[in-house]
file coords-v8.pdb (PDB, C-alpha atoms and all ligand atoms)
ATOM      1  CA  MET A   1      22.991  38.892 -61.317
ATOM      2  CA  ARG A   2      23.850  41.175 -64.187
ATOM      3  CA  GLY A   3      20.703  43.056 -65.197
ATOM      4  CA  GLY A   4      19.145  42.582 -61.758
ATOM      5  CA  SER A   5      17.910  45.379 -59.506
ATOM      6  CA  LEU A   6      19.906  46.781 -56.578
ATOM      7  CA  ARG A   7      18.252  45.536 -53.417
ATOM      8  CA  SER A   8      18.999  43.364 -50.405
ATOM      9  CA  VAL A   9      18.475  39.664 -50.890
ATOM     10  CA  GLU A  10      18.484  36.698 -48.547
ATOM     11  CA  PHE A  11      21.180  34.101 -49.169
ATOM     12  CA  PRO A  12      21.132  30.716 -47.461
ATOM     13  CA  ALA A  13      24.577  29.282 -46.646
ATOM     14  CA  LEU A  14      24.036  25.636 -47.534
ATOM     15  CA  VAL A  15      25.941  22.579 -46.385
ATOM     16  CA  GLY A  16      26.098  19.181 -48.078
ATOM     17  CA  LEU A  17      25.647  16.068 -45.901
ATOM     18  CA  ILE A  18      26.589  12.863 -47.711
ATOM     19  CA  ARG A  19      26.294   9.325 -46.367
ATOM     20  CA  HIS A  20      28.827   7.039 -48.006
ATOM     21  CA  PRO A  21      28.206   3.265 -47.803
ATOM     22  CA  SER A  22      31.555   2.508 -46.138
ATOM     23  CA  ARG A  23      33.044   5.852 -45.066
ATOM     24  CA  GLY A  24      30.012   7.077 -43.168
ATOM     25  CA  TYR A  25      29.142  10.775 -43.132
ATOM     26  CA  LEU A  26      30.900  13.478 -45.066
ATOM     27  CA  LEU A  27      30.227  17.186 -45.193
ATOM     28  CA  TYR A  28      30.665  19.668 -47.990
ATOM     29  CA  ASP A  29      31.473  22.857 -46.057
ATOM     30  CA  THR A  30      30.010  23.772 -42.671
ATOM     31  CA  GLY A  31      28.163  27.036 -43.338
ATOM     32  CA  TYR A  32      27.975  29.666 -40.612
ATOM     33  CA  ALA A  33      28.317  28.920 -36.905
ATOM     34  CA  GLU A  34      28.580  30.784 -33.602
ATOM     35  CA  HIS A  35      32.328  31.105 -34.176
ATOM     36  CA  PHE A  36      31.601  33.672 -36.893
ATOM     37  CA  PHE A  37      30.100  36.107 -34.386
ATOM     38  CA  ARG A  38      33.104  35.792 -32.072
ATOM     39  CA  ALA A  39      35.561  36.243 -34.951
ATOM     40  CA  THR A  40      33.868  39.446 -36.129
ATOM     41  CA  ARG A  41      33.479  41.280 -32.802
ATOM     42  CA  LYS A  42      36.492  43.601 -33.231
ATOM     43  CA  LEU A  43      37.810  45.952 -35.864
ATOM     44  CA  PRO A  44      38.636  45.388 -38.620
ATOM     45  CA  GLU A  45      36.887  42.001 -38.791
ATOM     46  CA  CYS A  46      33.557  43.495 -37.631
ATOM     47  CA  LEU A  47      33.332  45.201 -41.037
ATOM     48  CA  TYR A  48      32.800  41.776 -42.579
ATOM     49  CA  ALA A  49      29.700  41.214 -40.461
ATOM     50  CA  ARG A  50      28.427  44.675 -41.408
ATOM     51  CA  VAL A  51      28.708  44.082 -45.148
ATOM     52  CA  THR A  52      27.036  40.665 -45.021
ATOM     53  CA  PRO A  53      24.790  40.610 -41.924
ATOM     54  CA  VAL A  54      24.349  37.041 -40.697
ATOM     55  CA  HIS A  55      21.197  35.679 -39.079
ATOM     56  CA  LEU A  56      21.563  32.276 -37.480
ATOM     57  CA  LYS A  57      18.841  30.866 -35.259
ATOM     58  CA  PRO A  58      19.852  28.150 -32.742
ATOM     59  CA  GLU A  59      17.846  25.540 -34.663
ATOM     60  CA  GLU A  60      19.679  26.467 -37.864
ATOM     61  CA  THR A  61      23.194  25.695 -36.634
ATOM     62  CA  LEU A  62      24.761  22.698 -38.317
ATOM     63  CA  LEU A  63      25.381  20.835 -35.033
ATOM     64  CA  ARG A  64      21.696  21.159 -34.179
ATOM     65  CA  GLN A  65      20.521  20.108 -37.644
ATOM     66  CA  LEU A  66      22.807  17.061 -37.528
ATOM     67  CA  ALA A  67      21.619  16.172 -34.014
ATOM     68  CA  ASP A  68      18.026  16.326 -35.286
ATOM     69  CA  ARG A  69      19.057  13.553 -37.705
ATOM     70  CA  GLY A  70      20.753  11.530 -34.957
ATOM     71  CA  ILE A  71      24.263  12.469 -36.111
ATOM     72  CA  GLN A  72      27.000  13.623 -33.716
ATOM     73  CA  ALA A  73      29.971  15.805 -34.670
ATOM     74  CA  SER A  74      32.244  12.789 -34.075
ATOM     75  CA  ASP A  75      30.301  10.815 -36.710
ATOM     76  CA  ILE A  76      31.627  13.071 -39.476
ATOM     77  CA  ASP A  77      34.488  11.260 -41.218
ATOM     78  CA  THR A  78      35.557  13.984 -43.652
ATOM     79  CA  ILE A  79      34.779  17.619 -44.415
ATOM     80  CA  CYS A  80      35.353  18.611 -48.028
ATOM     81  CA  ILE A  81      36.098  22.337 -47.983
ATOM     82  CA  SER A  82      34.947  24.150 -51.121
ATOM     83  CA  HIS A  83      36.977  27.252 -50.237
ATOM     84  CA  PHE A  84      37.926  29.188 -47.116
ATOM     85  CA  HIS A  85      35.381  32.032 -47.109
ATOM     86  CA  ALA A  86      33.806  32.441 -43.675
ATOM     87  CA  ASP A  87      30.303  31.452 -44.824
ATOM     88  CA  HIS A  88      31.696  28.038 -45.811
ATOM     89  CA  ILE A  89      34.078  27.189 -42.966
ATOM     90  CA  ALA A  90      32.776  28.973 -39.859
ATOM     91  CA  GLY A  91      31.792  25.639 -38.293
ATOM     92  CA  LEU A  92      35.096  23.781 -38.828
ATOM     93  CA  ARG A  93      36.022  24.045 -35.139
ATOM     94  CA  ASP A  94      32.847  22.167 -34.215
ATOM     95  CA  PHE A  95      34.271  18.996 -35.814
ATOM     96  CA  PRO A  96      37.575  18.343 -34.025
ATOM     97  CA  ARG A  97      37.931  14.756 -35.277
ATOM     98  CA  ALA A  98      37.049  15.116 -38.949
ATOM     99  CA  ARG A  99      39.587  14.698 -41.695
ATOM    100  CA  LEU A 100      39.731  17.911 -43.730
ATOM    101  CA  LEU A 101      40.061  17.849 -47.489
ATOM    102  CA  ALA A 102      40.871  21.002 -49.482
ATOM    103  CA  MET A 103      42.708  22.172 -52.592
ATOM    104  CA  ARG A 104      46.399  22.767 -51.887
ATOM    105  CA  ALA A 105      46.499  25.894 -54.068
ATOM    106  CA  GLU A 106      43.622  27.376 -52.065
ATOM    107  CA  VAL A 107      45.301  26.744 -48.717
ATOM    108  CA  GLN A 108      48.598  28.208 -49.911
ATOM    109  CA  THR A 109      46.849  31.363 -51.132
ATOM    110  CA  VAL A 110      45.080  31.914 -47.800
ATOM    111  CA  ARG A 111      48.347  31.399 -45.900
ATOM    112  CA  ARG A 112      50.143  34.067 -47.932
ATOM    113  CA  MET A 113      47.596  36.811 -47.141
ATOM    114  CA  GLY A 114      48.051  39.506 -44.498
ATOM    115  CA  ARG A 115      45.274  40.423 -42.040
ATOM    116  CA  LEU A 116      43.697  43.204 -44.134
ATOM    117  CA  GLN A 117      43.946  41.312 -47.383
ATOM    118  CA  ARG A 118      42.253  38.333 -45.736
ATOM    119  CA  LEU A 119      39.428  40.594 -44.641
ATOM    120  CA  GLN A 120      39.030  42.129 -48.095
ATOM    121  CA  ARG A 121      38.810  38.615 -49.528
ATOM    122  CA  ALA A 122      36.341  37.344 -46.874
ATOM    123  CA  PHE A 123      38.732  35.078 -44.957
ATOM    124  CA  LEU A 124      38.777  34.999 -41.138
ATOM    125  CA  GLN A 125      41.880  33.398 -39.661
ATOM    126  CA  GLU A 126      40.196  32.834 -36.281
ATOM    127  CA  LEU A 127      37.821  30.313 -37.834
ATOM    128  CA  LEU A 128      40.575  27.868 -38.746
ATOM    129  CA  PRO A 129      41.137  24.931 -36.354
ATOM    130  CA  LEU A 130      44.426  25.190 -34.465
ATOM    131  CA  ASP A 131      45.412  21.695 -35.588
ATOM    132  CA  LEU A 132      44.522  22.356 -39.232
ATOM    133  CA  ASP A 133      47.912  21.157 -40.488
ATOM    134  CA  GLU A 134      47.628  17.790 -38.767
ATOM    135  CA  ARG A 135      44.177  17.042 -40.158
ATOM    136  CA  LEU A 136      44.397  18.598 -43.599
ATOM    137  CA  GLU A 137      44.742  16.454 -46.714
ATOM    138  CA  PHE A 138      45.075  17.830 -50.201
ATOM    139  CA  VAL A 139      42.773  17.082 -53.107
ATOM    140  CA  GLU A 140      45.701  17.331 -55.527
ATOM    141  CA  ASP A 141      47.215  14.197 -53.925
ATOM    142  CA  CYS A 142      44.206  12.091 -54.982
ATOM    143  CA  ALA A 143      44.267  10.088 -58.231
ATOM    144  CA  VAL A 144      43.304  12.099 -61.315
ATOM    145  CA  LEU A 145      40.803  10.690 -63.786
ATOM    146  CA  ASP A 146      38.881  11.726 -66.882
ATOM    147  CA  PRO A 147      35.191  11.928 -65.912
ATOM    148  CA  GLY A 148      34.163  11.240 -69.519
ATOM    149  CA  PRO A 149      31.270  12.786 -71.474
ATOM    150  CA  ARG A 150      28.876  12.997 -68.501
ATOM    151  CA  LEU A 151      30.733  16.026 -67.129
ATOM    152  CA  HIS A 152      31.747  17.618 -70.424
ATOM    153  CA  PRO A 153      33.380  20.194 -70.706
ATOM    154  CA  PHE A 154      35.163  19.308 -67.442
ATOM    155  CA  GLN A 155      37.982  16.936 -68.328
ATOM    156  CA  GLN A 156      39.765  16.344 -65.057
ATOM    157  CA  ALA A 157      38.493  15.037 -61.755
ATOM    158  CA  TYR A 158      40.060  13.907 -58.487
ATOM    159  CA  ASP A 159      38.998  10.557 -57.042
ATOM    160  CA  LEU A 160      38.498  11.828 -53.487
ATOM    161  CA  LEU A 161      37.794   8.524 -51.710
ATOM    162  CA  GLY A 162      39.658   6.133 -54.012
ATOM    163  CA  ASP A 163      36.476   4.353 -55.160
ATOM    164  CA  GLN A 164      35.277   6.893 -57.757
ATOM    165  CA  SER A 165      32.128   7.542 -55.702
ATOM    166  CA  LEU A 166      32.989  11.198 -55.076
ATOM    167  CA  LEU A 167      34.830  13.284 -57.634
ATOM    168  CA  GLY A 168      36.492  16.598 -56.869
ATOM    169  CA  ILE A 169      36.418  19.215 -59.637
ATOM    170  CA  ASP A 170      38.531  22.373 -59.585
ATOM    171  CA  LEU A 171      36.306  25.441 -60.077
ATOM    172  CA  PRO A 172      38.763  28.373 -60.041
ATOM    173  CA  GLY A 173      38.009  32.087 -60.140
ATOM    174  CA  HIS A 174      35.775  32.886 -57.166
ATOM    175  CA  THR A 175      38.801  31.941 -55.081
ATOM    176  CA  ARG A 176      42.141  30.613 -56.257
ATOM    177  CA  SER A 177      41.055  26.983 -56.483
ATOM    178  CA  GLN A 178      37.534  26.095 -55.445
ATOM    179  CA  LEU A 179      36.515  22.473 -54.893
ATOM    180  CA  GLY A 180      33.306  21.196 -56.512
ATOM    181  CA  LEU A 181      31.904  17.779 -55.641
ATOM    182  CA  VAL A 182      30.259  15.270 -57.983
ATOM    183  CA  GLY A 183      28.483  12.154 -56.753
ATOM    184  CA  CYS A 184      25.387  10.047 -57.130
ATOM    185  CA  ASP A 185      22.553   9.923 -54.603
ATOM    186  CA  GLU A 186      20.064   7.040 -54.601
ATOM    187  CA  ARG A 187      17.087   9.424 -54.530
ATOM    188  CA  LEU A 188      18.425  12.461 -56.365
ATOM    189  CA  GLY A 189      20.620  10.844 -59.006
ATOM    190  CA  SER A 190      23.820  12.634 -60.029
ATOM    191  CA  PHE A 191      24.608  15.865 -58.281
ATOM    192  CA  PHE A 192      27.324  18.482 -58.592
ATOM    193  CA  LEU A 193      27.886  20.768 -55.590
ATOM    194  CA  ILE A 194      29.409  23.875 -57.168
ATOM    195  CA  GLY A 195      30.002  26.133 -54.146
ATOM    196  CA  ASP A 196      30.163  29.781 -55.205
ATOM    197  CA  ALA A 197      31.113  29.156 -58.841
ATOM    198  CA  ALA A 198      27.601  30.528 -59.494
ATOM    199  CA  TRP A 199      25.279  32.032 -56.909
ATOM    200  CA  SER A 200      22.088  30.691 -58.448
ATOM    201  CA  ARG A 201      21.066  28.125 -61.021
ATOM    202  CA  ARG A 202      18.965  30.754 -62.758
ATOM    203  CA  ALA A 203      22.087  32.849 -63.362
ATOM    204  CA  LEU A 204      23.619  29.869 -65.173
ATOM    205  CA  GLN A 205      20.475  29.116 -67.165
ATOM    206  CA  GLU A 206      20.137  32.737 -68.298
ATOM    207  CA  ASP A 207      23.888  33.355 -68.648
ATOM    208  CA  ARG A 208      23.801  36.258 -66.211
ATOM    209  CA  LYS A 209      27.144  36.521 -64.484
ATOM    210  CA  PRO A 210      27.551  38.596 -61.299
ATOM    211  CA  MET A 211      27.832  42.378 -61.632
ATOM    212  CA  ALA A 212      31.310  43.823 -62.147
ATOM    213  CA  ILE A 213      31.562  45.128 -58.558
ATOM    214  CA  THR A 214      31.599  41.568 -57.200
ATOM    215  CA  SER A 215      34.991  41.093 -58.863
ATOM    216  CA  LEU A 216      36.451  42.963 -55.876
ATOM    217  CA  VAL A 217      36.172  39.824 -53.766
ATOM    218  CA  PHE A 218      36.983  37.360 -56.564
ATOM    219  CA  ASP A 219      40.457  35.913 -56.930
ATOM    220  CA  ASN A 220      40.378  36.114 -60.724
ATOM    221  CA  ARG A 221      37.387  37.399 -62.682
ATOM    222  CA  ARG A 222      38.510  35.963 -66.034
ATOM    223  CA  ARG A 223      38.859  32.471 -64.570
ATOM    224  CA  TYR A 224      35.536  32.892 -62.749
ATOM    225  CA  ASP A 225      33.826  33.627 -66.070
ATOM    226  CA  GLN A 226      35.473  30.607 -67.711
ATOM    227  CA  THR A 227      34.285  28.317 -64.903
ATOM    228  CA  PHE A 228      30.801  29.861 -65.075
ATOM    229  CA  ASP A 229      30.650  29.249 -68.849
ATOM    230  CA  GLN A 230      31.719  25.614 -68.385
ATOM    231  CA  LEU A 231      28.988  25.065 -65.783
ATOM    232  CA  ALA A 232      26.388  26.742 -68.014
ATOM    233  CA  GLN A 233      27.412  24.444 -70.861
ATOM    234  CA  LEU A 234      27.167  21.371 -68.624
ATOM    235  CA  LEU A 235      23.753  22.484 -67.342
ATOM    236  CA  SER A 236      22.429  22.725 -70.904
ATOM    237  CA  GLU A 237      23.119  18.997 -71.499
ATOM    238  CA  PRO A 238      20.029  16.770 -71.188
ATOM    239  CA  ALA A 239      21.821  14.299 -68.879
ATOM    240  CA  ALA A 240      23.491  16.961 -66.722
ATOM    241  CA  PRO A 241      23.771  16.278 -62.989
ATOM    242  CA  HIS A 242      21.789  18.469 -60.592
ATOM    243  CA  LEU A 243      23.944  21.562 -60.206
ATOM    244  CA  ILE A 244      23.651  22.818 -56.635
ATOM    245  CA  PRO A 245      25.108  26.259 -55.830
ATOM    246  CA  SER A 246      25.847  26.869 -52.131
ATOM    247  CA  HIS A 247      23.619  29.951 -51.951
ATOM    248  CA  CYS A 248      20.701  29.084 -54.246
ATOM    249  CA  LEU A 249      17.452  29.013 -52.296
ATOM    250  CA  ALA A 250      15.387  27.956 -55.336
ATOM    251  CA  THR A 251      17.557  24.878 -55.974
ATOM    252  CA  TRP A 252      17.417  23.861 -52.328
ATOM    253  CA  GLN A 253      13.629  24.261 -52.217
ATOM    254  CA  GLU A 254      13.149  22.275 -55.411
ATOM    255  CA  LEU A 255      15.407  19.375 -54.470
ATOM    256  CA  PHE A 256      15.216  19.125 -50.687
ATOM    257  CA  ALA A 257      12.433  21.151 -49.062
TER
HETATM  258 ZN    ZN B 301      29.807  31.721 -50.194
END
call {"tool": "encode", "arguments": {"input": "coords-v8.pdb", "output": "structure tokens"}}
result
Amino acid sequence: MRGGSLRSVEFPALVGLIRHPSRGYLLYDTGYAEHFFRATRKLPECLYARVTPVHLKPEETLLRQLADRGIQASDIDTICISHFHADHIAGLRDFPRARLLAMRAEVQTVRRMGRLQRLQRAFLQELLPLDLDERLEFVEDCAVLDPGPRLHPFQQAYDLLGDQSLLGIDLPGHTRSQLGLVGCDERLGSFFLIGDAAWSRRALQEDRKPMAITSLVFDNRRRYDQTFDQLAQLLSEPAAPHLIPSHCLATWQELFA
């Protein structure tokens, strides 16, 4: 956060597990997985693991956490991919049967990058499933709707499942086209999974955007700031959904721990 001190901090890499009444289980991202360690053994990819050291205990892997809830990998109907950074997709290969849903613009951008550019932008090709093309569906092909005043100032949403239960919102800037997810949980009420559009809820509340140096890994800093401002505005509304950033420990503790 701008104005913060320079020190190491711990970031959780969170995953969303959603149970839909008719579609079954869906995931929002997969977080880290063993595949990350294999993909970052050699140069130059090992530099990635040096810059952001990853600690993953066996009981913290997604497969294990799902198994603890009685859910098998084959039970996952769909994985909504926020963006293709390694901390969000490292577990994709653990779900060989899931339908994959991502923004077309995001996929096209990743495909155009060379090996070093991918590394600079935190993408690891080795994490992608070999049959990605066969299982990938694009958010932009879903029906577009106006989410109305409840998500103001966001004016466009994608009806991801065709029943308006899960809305996809484009949150550009951190990467080319990041996918946010809006839904309603029977216990939590409305929620908005915002990926890395902000790294903490406090940053949004206090209008403290990331320091300038972080722009090195962003796709477009100006668009990031616009998205951040829109989320901050939404958060200030009394009826705002719970905004859940993928790396915000405080939000996770408050809502789920
Ligand atoms: Zn991330």
call {"tool": "residues_near_ligand", "arguments": {"input": "coords-v8.pdb", "ligand": "ligand ZN 301 (chain B)", "cutoff": "10 Å", "atoms": "all atoms listed in the file", "output": "PyMOL selection string"}}
result
chain A and resi 11-14+29+31-32+82-89+122+174+195-199+245-247
call {"tool": "resolve_selection", "arguments": {"input": "coords-v8.pdb", "expression": "the PyMOL selection byres (((chain A and resi 100) around 12) and not hetatm)", "output": "PyMOL selection string"}}
result
chain A and resi 26-30+76-84+89+92-93+95-99+101-104+107+128-129+131-139+160
call {"tool": "write_last_selection", "arguments": {"input": "coords-v8.pdb", "atoms": "C-alpha atoms", "output": "JSON list (two decimals), keeping the file's coordinate frame"}}
result
[["chain", "number", "residue", "atom", "x", "y", "z"],
["A", 26, "LEU", "CA", 30.90, 13.48, -45.07],
["A", 27, "LEU", "CA", 30.23, 17.19, -45.19],
["A", 28, "TYR", "CA", 30.66, 19.67, -47.99],
["A", 29, "ASP", "CA", 31.47, 22.86, -46.06],
["A", 30, "THR", "CA", 30.01, 23.77, -42.67],
["A", 76, "ILE", "CA", 31.63, 13.07, -39.48],
["A", 77, "ASP", "CA", 34.49, 11.26, -41.22],
["A", 78, "THR", "CA", 35.56, 13.98, -43.65],
["A", 79, "ILE", "CA", 34.78, 17.62, -44.42],
["A", 80, "CYS", "CA", 35.35, 18.61, -48.03],
["A", 81, "ILE", "CA", 36.10, 22.34, -47.98],
["A", 82, "SER", "CA", 34.95, 24.15, -51.12],
["A", 83, "HIS", "CA", 36.98, 27.25, -50.24],
["A", 84, "PHE", "CA", 37.93, 29.19, -47.12],
["A", 89, "ILE", "CA", 34.08, 27.19, -42.97],
["A", 92, "LEU", "CA", 35.10, 23.78, -38.83],
["A", 93, "ARG", "CA", 36.02, 24.04, -35.14],
["A", 95, "PHE", "CA", 34.27, 19.00, -35.81],
["A", 96, "PRO", "CA", 37.58, 18.34, -34.02],
["A", 97, "ARG", "CA", 37.93, 14.76, -35.28],
["A", 98, "ALA", "CA", 37.05, 15.12, -38.95],
["A", 99, "ARG", "CA", 39.59, 14.70, -41.70],
["A", 101, "LEU", "CA", 40.06, 17.85, -47.49],
["A", 102, "ALA", "CA", 40.87, 21.00, -49.48],
["A", 103, "MET", "CA", 42.71, 22.17, -52.59],
["A", 104, "ARG", "CA", 46.40, 22.77, -51.89],
["A", 107, "VAL", "CA", 45.30, 26.74, -48.72],
["A", 128, "LEU", "CA", 40.58, 27.87, -38.75],
["A", 129, "PRO", "CA", 41.14, 24.93, -36.35],
["A", 131, "ASP", "CA", 45.41, 21.70, -35.59],
["A", 132, "LEU", "CA", 44.52, 22.36, -39.23],
["A", 133, "ASP", "CA", 47.91, 21.16, -40.49],
["A", 134, "GLU", "CA", 47.63, 17.79, -38.77],
["A", 135, "ARG", "CA", 44.18, 17.04, -40.16],
["A", 136, "LEU", "CA", 44.40, 18.60, -43.60],
["A", 137, "GLU", "CA", 44.74, 16.45, -46.71],
["A", 138, "PHE", "CA", 45.08, 17.83, -50.20],
["A", 139, "VAL", "CA", 42.77, 17.08, -53.11],
["A", 160, "LEU", "CA", 38.50, 11.83, -53.49]]
call {"tool": "closest_residue", "arguments": {"input": "coords-v8.pdb", "among": "A:Pro149, A:Pro172, A:Gly162, A:Pro210", "to": "A:Ala240", "atoms": "only C-alpha atoms"}}
result
A:Pro149
call {"tool": "resolve_selection", "arguments": {"input": "coords-v8.pdb", "expression": "the PyMOL selection byres (((chain A and resi 220) around 10) and not hetatm)", "output": "list of chain:residue names"}}
result
A:Pro172, A:Gly173, A:His174, A:Thr175, A:Arg176, A:Ser215, A:Leu216, A:Val217, A:Phe218, A:Asp219, A:Arg221, A:Arg222, A:Arg223, A:Tyr224, A:Asp225
call {"tool": "closest_residue", "arguments": {"input": "coords-v8.pdb", "among": "A:Leu231, A:Leu47, A:Leu124, A:Ile18", "to": "A:Asp75", "atoms": "all atoms listed in the file"}}
result
A:Ile18
call {"tool": "closest_residue", "arguments": {"input": "coords-v8.pdb", "among": "A:Leu63, A:Ala157, A:Ala39, A:Ala257", "to": "A:Phe123", "atoms": "all atoms listed in the file"}}
result
A:Ala39
call {"tool": "residues_around", "arguments": {"input": "coords-v8.pdb", "residues": "A:Gln164", "least_positions_apart": "6", "cutoff": "12 Å", "atoms": "all atoms listed in the file", "output": "list in words"}}
result
His20, Cys142, Ala143, Val144, Leu145, Asp146, Pro147, Ala157, Tyr158, Leu181, Val182, Gly183 and Cys184 of chain A
call {"tool": "closest_residue", "arguments": {"input": "coords-v8.pdb", "among": "A:Leu66, A:Arg202, A:Gln178, A:Leu119", "to": "A:Gly16", "atoms": "only C-alpha atoms"}}
result
A:Leu66
call {"tool": "residues_around", "arguments": {"input": "coords-v8.pdb", "residues": "A:Gly189", "least_positions_apart": "3", "cutoff": "8 Å", "atoms": "only C-alpha atoms", "output": "ChimeraX atom specification"}}
result
/A:184-186,241-242
call {"tool": "residues_around", "arguments": {"input": "coords-v8.pdb", "residues": "A:His35", "least_positions_apart": "5", "cutoff": "9 Å", "atoms": "all atoms listed in the file", "output": "PyMOL selection string"}}
result
chain A and resi 40+90-91+93-94+126-127
call {"tool": "atom_distance", "arguments": {"input": "coords-v8.pdb", "atom1": "atom CA of A:Gln226", "atom2": "atom CA of A:Arg208"}}
result
13.1 Å
call {"tool": "atom_distance", "arguments": {"input": "coords-v8.pdb", "atom1": "atom CA of A:Arg187", "atom2": "atom CA of A:Gly24"}}
result
17.4 Å
call {"tool": "atom_distance", "arguments": {"input": "coords-v8.pdb", "atom1": "atom CA of A:Asp159", "atom2": "atom CA of A:Ala105"}}
result
17.3 Å
call {"tool": "closest_residue", "arguments": {"input": "coords-v8.pdb", "among": "A:Phe191, A:Leu130, A:Phe36, A:Asp141", "to": "A:Ser165", "atoms": "all atoms listed in the file"}}
result
A:Phe191
call {"tool": "decode", "arguments": {"input": "coords-v8.pdb", "residues": "stretch 11-37 of chain A", "atoms": "C-alpha atoms", "output": "CSV table (one decimal), in the first residue's frame"}}
result
chain,number,residue,atom,x,y,z
A,11,PHE,CA,-0.1,-13.1,1.5
A,12,PRO,CA,-2.6,-15.9,1.4
A,13,ALA,CA,-3.5,-17.1,-2.1
A,14,LEU,CA,-7.3,-17.6,-1.7
A,15,VAL,CA,-9.6,-19.8,-3.7
A,16,GLY,CA,-13.4,-19.4,-4.0
A,17,LEU,CA,-15.5,-22.6,-3.7
A,18,ILE,CA,-19.1,-22.1,-4.7
A,19,ARG,CA,-21.9,-24.6,-4.5
A,20,HIS,CA,-24.6,-23.9,-7.1
A,21,PRO,CA,-28.1,-25.4,-6.7
A,22,SER,CA,-28.1,-27.2,-10.0
A,23,ARG,CA,-24.5,-26.9,-11.4
A,24,GLY,CA,-22.8,-28.3,-8.4
A,25,TYR,CA,-19.3,-27.0,-7.4
A,26,LEU,CA,-17.5,-24.2,-9.0
A,27,LEU,CA,-14.1,-22.8,-8.2
A,28,TYR,CA,-12.8,-19.2,-8.5
A,29,ASP,CA,-9.1,-19.9,-9.2
A,30,THR,CA,-7.0,-22.7,-7.8
A,31,GLY,CA,-4.3,-20.9,-5.8
A,32,TYR,CA,-0.9,-22.5,-5.5
A,33,ALA,CA,-0.2,-26.2,-6.0
A,34,GLU,CA,2.7,-28.6,-6.2
A,35,HIS,CA,2.9,-27.9,-9.9
A,36,PHE,CA,4.3,-24.4,-9.1
A,37,PHE,CA,7.5,-25.9,-7.5
